[in-house]
file upload-v3.cif (mmCIF, C-alpha atoms)
data_data
#
loop_
_atom_site.label_atom_id
_atom_site.label_comp_id
_atom_site.auth_asym_id
_atom_site.auth_seq_id
_atom_site.Cartn_x
_atom_site.Cartn_y
_atom_site.Cartn_z
CA MET N 880 -48.29 -15.04 5.40
CA ARG N 881 -46.35 -11.79 5.63
CA ASN N 882 -47.90 -9.03 3.59
CA GLN N 883 -46.00 -6.68 1.30
CA LEU N 884 -46.03 -3.86 3.86
CA ASP N 885 -44.37 -6.10 6.48
CA ALA N 886 -41.72 -7.09 3.97
CA ALA N 887 -41.10 -3.46 3.00
CA LEU N 888 -40.72 -2.45 6.64
CA ASP N 889 -38.31 -5.33 7.29
CA ASP N 890 -36.16 -4.05 4.45
CA PHE N 891 -35.36 -1.03 6.61
CA ALA N 892 -35.11 -2.82 9.97
CA THR N 893 -31.34 -2.38 9.84
CA PRO N 894 -29.28 -0.07 7.64
CA ARG N 895 -27.61 -1.50 4.55
CA VAL N 896 -24.90 1.18 4.70
CA ASN N 897 -22.02 0.57 7.07
CA VAL N 898 -18.72 1.90 8.41
CA ASN N 899 -16.14 -0.78 9.13
CA LYS N 900 -13.32 -0.78 11.65
CA ASN N 901 -10.79 0.10 8.95
CA GLY N 902 -12.77 3.22 7.98
CA GLU N 903 -14.37 1.70 4.89
CA VAL N 904 -17.78 3.28 4.24
CA GLU N 905 -19.97 0.74 2.46
CA LEU N 906 -22.69 2.01 0.12
CA GLY N 907 -24.34 -1.11 -1.26
CA GLU N 908 -22.76 -4.14 -2.93
CA GLU N 909 -20.42 -2.39 -5.36
CA VAL N 910 -19.22 0.86 -3.76
CA SER N 911 -17.09 1.72 -0.74
CA CYS N 912 -15.44 4.98 0.30
CA ASP N 913 -12.26 6.05 2.08
CA GLY N 914 -10.99 2.67 3.28
CA ALA N 915 -9.57 -0.64 2.08
CA THR N 916 -12.23 -2.61 0.22
CA LYS N 917 -12.92 -5.74 -1.79
CA LYS N 918 -15.66 -4.02 -3.77
CA ASP N 919 -15.25 -2.90 -7.38
CA TYR N 920 -15.35 0.84 -6.71
CA HIS N 921 -13.26 2.58 -4.09
CA VAL N 922 -14.31 6.24 -3.85
CA ILE N 923 -11.86 8.77 -2.36
CA THR N 924 -13.95 11.66 -1.04
CA HIS N 925 -11.01 14.03 -0.52
CA ALA N 926 -7.27 14.21 0.03
CA HIS N 927 -7.02 14.24 3.83
CA ALA N 928 -5.00 11.51 5.53
CA ASP N 929 -7.88 9.91 7.47
CA HIS N 930 -9.71 9.26 4.20
CA LEU N 931 -6.78 7.78 2.25
CA SER N 932 -6.35 4.26 3.59
CA GLY N 933 -6.31 1.26 1.26
CA LEU N 934 -5.68 3.25 -1.90
CA SER N 935 -4.50 0.17 -3.78
CA THR N 936 -7.75 -1.71 -3.13
CA GLY N 937 -10.84 -1.95 -5.32
CA SER N 938 -10.88 -2.48 -9.06
CA PHE N 939 -11.12 1.29 -9.62
CA GLN N 940 -10.28 4.24 -7.39
CA ILE N 941 -12.82 6.99 -8.15
CA ALA N 942 -12.51 10.67 -7.22
CA THR N 943 -12.62 14.11 -8.79
CA ALA N 944 -9.60 14.94 -10.93
CA ALA N 945 -8.52 17.54 -8.36
CA THR N 946 -8.58 15.00 -5.54
CA LEU N 947 -6.53 12.51 -7.56
CA ASP N 948 -3.96 15.23 -8.28
CA LEU N 949 -3.79 16.19 -4.60
CA VAL N 950 -3.36 12.55 -3.59
CA ARG N 951 -0.36 12.31 -5.92
CA ALA N 952 1.00 15.66 -4.70
CA ILE N 953 1.19 14.43 -1.11
CA GLY N 954 3.07 11.33 -2.20
CA LYS N 955 0.33 8.68 -2.34
CA ASN N 956 -0.08 6.18 -5.17
CA VAL N 957 -3.43 5.28 -6.71
CA ARG N 958 -3.35 1.97 -8.59
CA ASN N 959 -6.20 2.36 -11.08
CA PRO N 960 -7.60 5.92 -10.88
CA LEU N 961 -10.81 6.97 -12.55
CA ALA N 962 -11.71 10.68 -12.49
CA LEU N 963 -15.42 11.51 -12.23
CA GLU N 964 -17.03 14.94 -12.57
CA TYR N 965 -19.70 16.19 -10.20
CA GLY N 966 -23.18 15.06 -11.23
CA ILE N 967 -22.02 12.72 -14.02
CA PRO N 968 -23.11 9.09 -13.44
CA ARG N 969 -20.80 6.10 -13.42
CA GLU N 970 -22.79 3.07 -14.49
CA LEU N 971 -22.55 0.11 -12.10
CA LYS N 972 -23.61 -3.47 -12.67
CA ARG N 973 -26.77 -2.68 -10.73
CA GLY N 974 -27.22 1.04 -10.44
CA ARG N 975 -25.35 4.33 -10.72
CA LEU N 976 -22.66 6.18 -8.78
CA TYR N 977 -22.50 9.99 -8.56
CA LEU N 978 -20.17 12.51 -6.94
CA TYR N 979 -21.53 15.83 -5.68
CA PRO N 980 -19.68 18.86 -4.24
CA ALA N 981 -18.72 19.12 -0.57
CA THR N 982 -17.42 22.41 0.80
CA HIS N 983 -14.23 21.27 2.51
CA ILE N 984 -11.05 21.33 0.43
CA LEU N 985 -10.31 21.39 -3.28
CA GLY N 986 -11.98 18.46 -5.03
CA ALA N 987 -13.93 17.21 -1.99
CA SER N 988 -17.01 15.12 -2.79
CA GLN N 989 -20.15 13.61 -1.43
CA VAL N 990 -21.06 10.17 -2.79
CA PHE N 991 -24.52 9.05 -3.96
CA VAL N 992 -25.36 5.52 -5.11
CA GLU N 993 -28.64 4.44 -6.73
CA THR N 994 -29.52 0.72 -6.72
CA PRO N 995 -32.70 -1.31 -7.27
CA GLU N 996 -32.79 -1.90 -3.48
CA GLY N 997 -32.56 1.79 -2.56
CA SER N 998 -30.25 4.82 -2.57
CA TYR N 999 -27.25 5.41 -0.31
CA ALA N 1000 -25.05 8.44 0.34
CA PHE N 1001 -21.93 9.47 2.25
CA THR N 1002 -21.33 13.14 3.02
CA GLY N 1003 -17.60 12.82 3.54
CA ASP N 1004 -16.30 15.86 5.44
CA PHE N 1005 -18.17 19.08 4.72
CA LYS N 1006 -19.19 22.55 5.75
CA LEU N 1007 -22.88 23.27 5.24
CA LYS N 1008 -22.52 26.50 3.28
CA GLY N 1009 -22.14 25.59 -0.37
CA THR N 1010 -22.78 21.86 0.13
CA PRO N 1011 -25.94 20.54 -1.54
CA VAL N 1012 -28.07 18.27 0.66
CA LEU N 1013 -28.51 14.80 -0.86
CA HIS N 1014 -31.70 12.77 -0.45
CA PRO N 1015 -30.87 9.08 -0.07
CA ASP N 1016 -32.84 6.34 1.65
CA GLU N 1017 -29.81 5.72 3.90
CA LEU N 1018 -27.15 8.25 4.82
CA VAL N 1019 -23.65 8.00 6.30
CA ILE N 1020 -22.68 11.35 7.82
CA GLU N 1021 -19.47 12.67 9.29
CA ALA N 1022 -19.58 13.38 13.04
CA THR N 1023 -16.53 15.54 13.81
CA TYR N 1024 -18.63 18.04 15.75
CA GLY N 1025 -21.36 15.63 16.81
CA ARG N 1026 -21.97 16.84 20.38
CA PRO N 1027 -24.62 19.44 21.28
CA GLU N 1028 -21.94 21.72 22.72
CA ASP N 1029 -20.04 21.69 19.40
CA VAL N 1030 -21.81 24.77 18.08
CA ARG N 1031 -19.96 27.72 16.59
CA ASP N 1032 -21.74 31.01 17.25
CA TYR N 1033 -19.21 32.91 15.18
CA VAL N 1034 -18.85 33.33 11.44
CA ASN N 1035 -16.39 34.75 8.93
CA VAL N 1036 -13.36 33.37 10.75
CA ASP N 1037 -11.63 33.20 7.37
CA VAL N 1038 -11.90 36.99 7.20
CA LEU N 1039 -10.47 37.31 10.72
CA LEU N 1040 -7.55 35.08 9.74
CA LEU N 1041 -6.79 37.15 6.66
CA ASP N 1042 -7.02 40.39 8.65
CA LEU N 1043 -4.62 38.95 11.22
CA VAL N 1044 -2.14 37.89 8.53
CA GLU N 1045 -2.33 41.24 6.72
CA GLU N 1046 -1.82 43.16 9.95
CA GLY N 1047 1.10 40.90 10.82
CA ILE N 1048 2.93 41.25 7.51
CA SER N 1049 2.74 45.03 7.83
CA LYS N 1050 5.25 44.56 10.68
CA GLY N 1051 7.24 41.54 9.57
CA PRO N 1052 7.11 37.81 8.78
CA VAL N 1053 4.10 35.73 9.85
CA ASP N 1054 4.19 31.98 10.50
CA VAL N 1055 0.97 29.93 10.18
CA TYR N 1056 0.88 26.46 11.75
CA ALA N 1057 -1.81 23.85 11.10
CA SER N 1058 -2.34 20.19 10.38
CA GLN N 1059 -1.21 19.20 6.91
CA GLY N 1060 -4.82 18.85 5.82
CA LYS N 1061 -5.93 22.22 7.20
CA LEU N 1062 -2.96 23.92 5.52
CA GLN N 1063 -4.77 23.17 2.24
CA GLU N 1064 -7.72 25.26 3.43
CA VAL N 1065 -5.44 28.07 4.64
CA LEU N 1066 -3.62 28.02 1.31
CA SER N 1067 -6.81 28.73 -0.63
CA LEU N 1068 -7.67 31.61 1.74
CA LEU N 1069 -4.28 33.23 1.13
CA SER N 1070 -5.29 33.79 -2.49
CA ALA N 1071 -6.87 37.04 -1.22
CA LEU N 1072 -3.52 38.46 -0.08
CA PRO N 1073 -1.80 41.20 -2.13
CA ARG N 1074 0.31 39.84 -4.97
CA TRP N 1075 3.53 41.22 -3.50
CA VAL N 1076 3.26 38.92 -0.47
CA LYS N 1077 5.42 35.82 -0.73
CA ILE N 1078 4.64 32.45 0.84
CA ILE N 1079 7.25 30.01 2.13
CA THR N 1080 6.13 26.41 2.61
CA ASP N 1081 7.37 22.95 3.41
CA LYS N 1082 7.86 20.63 0.41
CA LYS N 1083 4.46 18.90 0.68
CA SER N 1084 2.52 22.17 0.86
CA TYR N 1085 4.51 23.43 -2.14
CA GLU N 1086 3.32 20.48 -4.23
CA VAL N 1087 -0.25 21.04 -3.01
CA ALA N 1088 -0.04 24.72 -4.01
CA LYS N 1089 0.81 23.74 -7.57
CA VAL N 1090 -2.36 21.64 -7.74
CA TYR N 1091 -4.49 24.50 -6.41
CA GLU N 1092 -3.10 26.78 -9.11
CA LYS N 1093 -3.80 24.15 -11.76
CA TYR N 1094 -7.48 24.31 -10.82
CA GLY N 1095 -7.71 28.08 -10.95
CA ILE N 1096 -6.94 29.11 -7.37
CA ARG N 1097 -4.96 32.34 -7.56
CA LEU N 1098 -2.06 32.40 -5.09
CA PRO N 1099 0.71 34.84 -4.18
CA LYS N 1100 4.21 33.71 -5.14
CA TYR N 1101 5.32 30.73 -3.10
CA TYR N 1102 8.62 28.94 -2.52
CA THR N 1103 9.85 25.88 -0.66
CA SER N 1104 11.70 26.59 2.56
CA THR N 1105 14.90 25.13 1.04
CA SER N 1106 14.91 27.41 -2.01
CA ALA N 1107 17.31 30.31 -2.59
CA GLU N 1108 14.32 32.68 -2.84
CA ALA N 1109 13.09 31.65 0.61
CA ALA N 1110 16.55 32.02 2.10
CA LEU N 1111 16.71 35.56 0.72
CA GLU N 1112 13.31 36.47 2.20
CA VAL N 1113 14.38 35.22 5.62
CA ARG N 1114 17.80 36.87 5.47
CA GLU N 1115 16.37 40.21 4.43
CA LYS N 1116 13.56 39.92 7.02
CA ASN N 1117 10.96 40.60 4.35
CA PRO N 1118 7.28 40.25 5.32
CA TYR N 1119 6.62 36.75 4.03
CA VAL N 1120 3.98 34.25 5.24
CA GLY N 1121 5.29 30.85 6.30
CA LEU N 1122 2.99 27.80 6.13
CA TRP N 1123 4.12 24.99 8.41
CA PRO N 1124 2.72 21.69 9.73
CA LEU N 1125 2.18 21.58 13.49
CA SER N 1126 5.22 19.32 13.87
CA VAL N 1127 7.54 22.22 12.98
CA GLU N 1128 8.97 23.99 16.02
CA ARG N 1129 7.66 27.53 16.37
CA THR N 1130 9.99 30.52 16.40
CA ASN N 1131 9.48 33.32 18.91
CA LYS N 1132 10.71 35.97 16.47
CA ASN N 1133 7.64 36.13 14.20
CA LEU N 1134 3.91 36.41 14.75
CA SER N 1135 2.73 32.80 15.10
CA ILE N 1136 -0.81 31.84 14.11
CA ILE N 1137 -2.06 28.37 15.05
CA VAL N 1138 -5.10 27.34 13.00
CA THR N 1139 -7.38 24.69 14.47
CA GLY N 1140 -11.04 23.79 14.53
CA TRP N 1141 -10.88 23.20 18.28
CA ALA N 1142 -10.01 26.69 19.51
CA GLY N 1143 -13.49 27.24 20.98
CA LYS N 1144 -13.43 30.91 20.00
CA PRO N 1145 -12.60 32.85 16.83
CA LEU N 1146 -9.34 34.15 18.31
CA VAL N 1147 -7.44 33.02 21.40
CA TYR N 1148 -4.25 34.90 22.32
CA LEU N 1149 -1.83 32.48 23.97
CA LYS N 1150 0.98 35.03 24.14
CA LYS N 1151 1.56 38.51 22.77
CA ASN N 1152 2.76 37.14 19.43
CA VAL N 1153 1.05 33.72 19.46
CA VAL N 1154 -2.65 33.53 18.53
CA MET N 1155 -4.94 30.56 17.92
CA VAL N 1156 -7.58 30.92 15.20
CA GLY N 1157 -10.73 28.77 15.37
CA LEU N 1158 -11.12 27.93 11.69
CA SER N 1159 -13.00 24.74 10.88
CA ASP N 1160 -13.74 23.03 7.59
CA HIS N 1161 -16.45 20.82 9.17
CA ALA N 1162 -20.15 21.31 9.85
CA ASP N 1163 -20.98 22.03 13.48
CA PHE N 1164 -23.62 20.13 15.48
CA ASN N 1165 -26.59 22.25 14.37
CA GLU N 1166 -25.50 22.03 10.74
CA LEU N 1167 -25.23 18.24 10.95
CA LEU N 1168 -28.78 18.05 12.30
CA TYR N 1169 -30.00 20.39 9.58
CA TYR N 1170 -28.44 18.22 6.88
CA VAL N 1171 -30.02 15.04 8.26
CA ASP N 1172 -33.44 16.69 8.58
CA GLU N 1173 -33.34 18.07 5.04
CA SER N 1174 -32.07 14.79 3.56
CA LYS N 1175 -35.25 12.90 4.61
CA ALA N 1176 -33.13 9.75 4.99
CA ARG N 1177 -34.85 6.78 6.66
CA TRP N 1178 -31.64 5.55 8.26
CA VAL N 1179 -28.56 7.51 9.35
CA VAL N 1180 -25.18 6.05 10.24
CA ALA N 1181 -22.74 8.39 12.01
CA ASP N 1182 -19.09 7.76 11.13
CA ALA N 1183 -17.54 6.54 14.40
CA HIS N 1184 -14.24 5.54 12.80
CA ARG N 1185 -13.24 9.19 12.39
CA SER N 1186 -15.05 10.77 15.35
CA ARG N 1187 -15.58 9.93 19.00
CA SER N 1188 -18.74 12.05 18.89
CA ALA N 1189 -20.60 9.73 16.49
CA LYS N 1190 -22.51 7.84 19.17
CA THR N 1191 -23.72 11.09 20.71
CA LEU N 1192 -24.73 12.43 17.32
CA ALA N 1193 -26.75 9.29 16.53
CA LYS N 1194 -28.62 9.54 19.84
CA GLU N 1195 -29.39 13.22 19.28
CA ILE N 1196 -30.64 12.54 15.75
CA GLU N 1197 -33.07 9.95 17.09
CA LYS N 1198 -34.18 12.14 20.00
CA ARG N 1199 -34.58 15.42 18.14
CA LEU N 1200 -35.47 14.37 14.60
CA HIS N 1201 -37.12 10.99 15.22
CA VAL N 1202 -34.97 9.39 12.55
CA ARG N 1203 -33.42 5.98 13.10
CA ALA N 1204 -29.68 6.44 13.62
CA VAL N 1205 -26.69 4.44 14.81
CA ALA N 1206 -22.95 4.99 15.15
CA LYS N 1207 -20.67 2.59 13.30
CA PRO N 1208 -18.36 0.86 13.76
CA ARG N 1209 -19.69 -0.05 17.17
CA PRO N 1210 -17.06 -0.05 19.95
CA PRO N 1211 -16.07 -3.47 21.28
CA PRO N 1212 -17.94 -4.57 24.43
CA ARG N 1213 -16.28 -3.72 27.71
CA PRO N 1214 -14.61 -6.69 29.46
#
call {"tool": "encode", "arguments": {"input": "upload-v3.cif", "output": "structure tokens"}}
result
Amino acid sequence: MRNQLDAALDDFATPRVNVNKNGEVELGEEVSCDGATKKDYHVITHAHADHLSGLSTGSFQIATAATLDLVRAIGKNVRNPLALEYGIPRELKRGRLYLYPATHILGASQVFVETPEGSYAFTGDFKLKGTPVLHPDELVIEATYGRPEDVRDYVNVDVLLLDLVEEGISKGPVDVYASQGKLQEVLSLLSALPRWVKIITDKKSYEVAKVYEKYGIRLPKYYTSTSAEAALEVREKNPYVGLWPLSVERTNKNLSIIVTGWAGKPLVYLKKNVVMVGLSDHADFNELLYYVDESKARWVVADAHRSRSAKTLAKEIEKRLHVRAVAKPRPPPRP
């Protein structure tokens, strides 16, 4: 007969957490995150596009109030929203669901689920500073910077970006270009600018700015690019800051700042008036390893739906930390 120890070890022979091909992160029988699901609870970790699929699925869509407001601001519909505060449990049929802070964008969350079979967690996207480390039996971790070479040996890039913007507006208008999601991070940084500075945005970023103000983020005055106020700023050549998605064509007249996590350096000058800023809202490779080590999880699943580096990260976790790890979803076999 199998003894109790054998049975207990078999319980952890394979992880119960999972990442499916549609991006759904499964945390036990009742909870999934960031992808279409048939489970009762669909958790939205934050309001970035790659975490917003299947919003109409699940009996309830759970997120922080700020995340739900941002989802609406960018034009997405949530069928049956349920706002949950950090650290406050949601009772499940068999267990509890918690949200905890993640340093990423406004309202971003980690997810922790307690069940009789064990505890499960999903980091969502995060930066290590300011993000509490959770301690589940099984962990799903983001893997954006999951390769050993993805290490940032520079800090305070947000300060460099602000210095660059302030120096630029002393001479004229400044245009900042980034992905729609990263513009949310840039927007919160611009709260440190002098109050006389005006910001001109596209329509979506304008709606996002209103949500940030609702939750106490102080911003300079901001206008949509189609407003009369914006037209006046442009016509008078006043020193405004423009926030634009990467799809907008750059002008050669103003200082152009391209914000990306893949710059490789804090600042990269492409031309005299075009500079790339290496600002990332994700943990780097060393920070991912630190989180896993501190979590004491018995199993780790690296999110391969949202990162091509997940397989590498899983291998490095096993090699360096001696923790069982796998990347999911697994790629299809080669023909």
call {"tool": "residues_around", "arguments": {"input": "upload-v3.cif", "residues": "Val910 in chain N", "least_positions_apart": "5", "cutoff": "7 Å", "atoms": "only C-alpha atoms", "output": "number ranges by chain"}}
result
N: 905, 918-921
call {"tool": "closest_residue", "arguments": {"input": "upload-v3.cif", "among": "N:Leu947, N:His1201, N:Arg1177, N:Pro1052", "to": "Ala892 in chain N", "atoms": "all atoms listed in the file"}}
result
N:Arg1177
call {"tool": "atom_distance", "arguments": {"input": "upload-v3.cif", "atom1": "CA of Arg973 in chain N", "atom2": "CA of Ser911 in chain N"}}
result
14.6 Å
call {"tool": "residues_around", "arguments": {"input": "upload-v3.cif", "residues": "range 1126-1141 of chain N", "least_positions_apart": "5", "cutoff": "10 Å", "atoms": "all atoms listed in the file", "output": "ChimeraX atom specification"}}
result
/N:1023-1024,1029,1031,1040,1043-1044,1047-1048,1050-1059,1061-1062,1065,1081,1118,1120-1121,1146-1161
call {"tool": "closest_residue", "arguments": {"input": "upload-v3.cif", "among": "N:Ile1196, N:Val896, N:Ala944, N:Val904", "to": "Leu985 in chain N", "atoms": "only C-alpha atoms"}}
result
N:Ala944
call {"tool": "closest_residue", "arguments": {"input": "upload-v3.cif", "among": "N:Val1030, N:Ile953, N:Val922, N:Ala1109", "to": "Lys1089 in chain N", "atoms": "all atoms listed in the file"}}
result
N:Ile953
call {"tool": "residues_around", "arguments": {"input": "upload-v3.cif", "residues": "Thr943 in chain N", "least_positions_apart": "5", "cutoff": "8 Å", "atoms": "all atoms listed in the file", "output": "list in words"}}
result
Ala962, Leu963, Glu964, Tyr965, Leu978, Gly986, Ala987 and Ser988 of chain N
call {"tool": "closest_residue", "arguments": {"input": "upload-v3.cif", "among": "N:Arg895, N:Lys1198, N:Lys1190, N:Lys1144", "to": "Pro1015 in chain N", "atoms": "all atoms listed in the file"}}
result
N:Arg895
call {"tool": "closest_residue", "arguments": {"input": "upload-v3.cif", "among": "N:Ile1079, N:Val1012, N:Cys912, N:Ala952", "to": "Ala981 in chain N", "atoms": "all atoms listed in the file"}}
result
N:Val1012
call {"tool": "closest_residue", "arguments": {"input": "upload-v3.cif", "among": "N:Ile1020, N:Leu971, N:Ile1078, N:Leu1125", "to": "Gly1060 in chain N", "atoms": "only C-alpha atoms"}}
result
N:Leu1125
call {"tool": "resolve_selection", "arguments": {"input": "upload-v3.cif", "expression": "the PyMOL selection byres ((chain N and resi 1077) around 6)", "output": "MDAnalysis selection string"}}
result
chainID N and resid 1076 1078 1099:1101 1119
call {"tool": "residues_around", "arguments": {"input": "upload-v3.cif", "residues": "Val950 in chain N", "least_positions_apart": "6", "cutoff": "8 Å", "atoms": "all atoms listed in the file", "output": "list in words"}}
result
Ala926, Asn956 and Val957 of chain N
call {"tool": "write_last_selection", "arguments": {"input": "upload-v3.cif", "atoms": "C-alpha atoms", "output": "PDB file, in the coordinates of the input"}}
result
ATOM      1  CA  ALA N 926      -7.270  14.210   0.030  1.00  0.00           C
ATOM      2  CA  ASN N 956      -0.080   6.180  -5.170  1.00  0.00           C
ATOM      3  CA  VAL N 957      -3.430   5.280  -6.710  1.00  0.00           C
TER       4      VAL N 957
END
call {"tool": "residues_around", "arguments": {"input": "upload-v3.cif", "residues": "Gly974 in chain N", "least_positions_apart": "4", "cutoff": "9 Å", "atoms": "only C-alpha atoms", "output": "PDB file with C-alpha atoms, keeping the file's coordinate frame"}}
result
ATOM      1  CA  ARG N 969     -20.800   6.100 -13.420  1.00  0.00           C
ATOM      2  CA  GLU N 970     -22.790   3.070 -14.490  1.00  0.00           C
ATOM      3  CA  VAL N 992     -25.360   5.520  -5.110  1.00  0.00           C
ATOM      4  CA  GLU N 993     -28.640   4.440  -6.730  1.00  0.00           C
ATOM      5  CA  THR N 994     -29.520   0.720  -6.720  1.00  0.00           C
ATOM      6  CA  PRO N 995     -32.700  -1.310  -7.270  1.00  0.00           C
TER       7      PRO N 995
END
call {"tool": "atom_distance", "arguments": {"input": "upload-v3.cif", "atom1": "CA of Asp1042 in chain N", "atom2": "CA of Pro1073 in chain N"}}
result
12.0 Å
call {"tool": "atom_distance", "arguments": {"input": "upload-v3.cif", "atom1": "CA of His983 in chain N", "atom2": "CA of Thr946 in chain N"}}
result
11.7 Å
call {"tool": "resolve_selection", "arguments": {"input": "upload-v3.cif", "expression": "the PyMOL selection byres ((chain N and resi 961) around 8)", "output": "VMD selection string"}}
result
chain N and resid 939 to 942 959 to 960 962 to 963
call {"tool": "decode", "arguments": {"input": "upload-v3.cif", "residues": "range 1130-1143 of chain N", "atoms": "N, CA, C and O atoms", "output": "tab-separated table (two decimals), in the first residue's frame"}}
result
chain	number	residue	atom	x	y	z
N	1130	THR	N	6.61	63.97	-35.29
N	1130	THR	CA	6.98	65.21	-35.95
N	1130	THR	C	8.45	65.49	-35.71
N	1130	THR	O	8.99	65.14	-34.66
N	1131	ASN	N	9.10	66.12	-36.65
N	1131	ASN	CA	10.52	66.45	-36.51
N	1131	ASN	C	10.73	67.81	-35.85
N	1131	ASN	O	11.86	68.21	-35.59
N	1132	LYS	N	9.62	68.52	-35.57
N	1132	LYS	CA	9.74	69.87	-35.04
N	1132	LYS	C	10.05	69.88	-33.54
N	1132	LYS	O	10.76	70.76	-33.06
N	1133	ASN	N	9.49	68.91	-32.81
N	1133	ASN	CA	9.61	68.91	-31.35
N	1133	ASN	C	10.60	67.85	-30.88
N	1133	ASN	O	10.93	66.93	-31.62
N	1134	LEU	N	11.06	67.98	-29.64
N	1134	LEU	CA	11.82	66.91	-29.02
N	1134	LEU	C	10.91	65.69	-28.91
N	1134	LEU	O	9.81	65.77	-28.36
N	1135	SER	N	11.36	64.56	-29.43
N	1135	SER	CA	10.58	63.32	-29.39
N	1135	SER	C	11.24	62.34	-28.44
N	1135	SER	O	12.42	62.03	-28.58
N	1136	ILE	N	10.46	61.84	-27.47
N	1136	ILE	CA	10.95	60.87	-26.51
N	1136	ILE	C	10.16	59.58	-26.70
N	1136	ILE	O	8.93	59.57	-26.57
N	1137	ILE	N	10.86	58.50	-27.01
N	1137	ILE	CA	10.23	57.19	-27.19
N	1137	ILE	C	10.50	56.38	-25.92
N	1137	ILE	O	11.65	56.14	-25.57
N	1138	VAL	N	9.44	55.97	-25.24
N	1138	VAL	CA	9.58	55.25	-23.97
N	1138	VAL	C	9.30	53.77	-24.20
N	1138	VAL	O	8.24	53.39	-24.69
N	1139	THR	N	10.28	52.94	-23.86
N	1139	THR	CA	10.15	51.50	-24.06
N	1139	THR	C	10.98	50.75	-23.03
N	1139	THR	O	12.01	51.26	-22.57
N	1140	GLY	N	10.56	49.56	-22.68
N	1140	GLY	CA	11.33	48.75	-21.77
N	1140	GLY	C	12.47	48.01	-22.45
N	1140	GLY	O	13.27	47.34	-21.79
N	1141	TRP	N	12.57	48.13	-23.76
N	1141	TRP	CA	13.55	47.35	-24.52
N	1141	TRP	C	14.69	48.21	-25.08
N	1141	TRP	O	15.37	47.82	-26.02
N	1142	ALA	N	14.92	49.37	-24.50
N	1142	ALA	CA	15.97	50.25	-25.01
N	1142	ALA	C	17.36	49.69	-24.78
N	1142	ALA	O	18.29	49.96	-25.54
N	1143	GLY	N	17.55	48.92	-23.69
N	1143	GLY	CA	18.86	48.35	-23.40
N	1143	GLY	C	19.75	49.26	-22.58
N	1143	GLY	O	20.71	48.81	-21.96
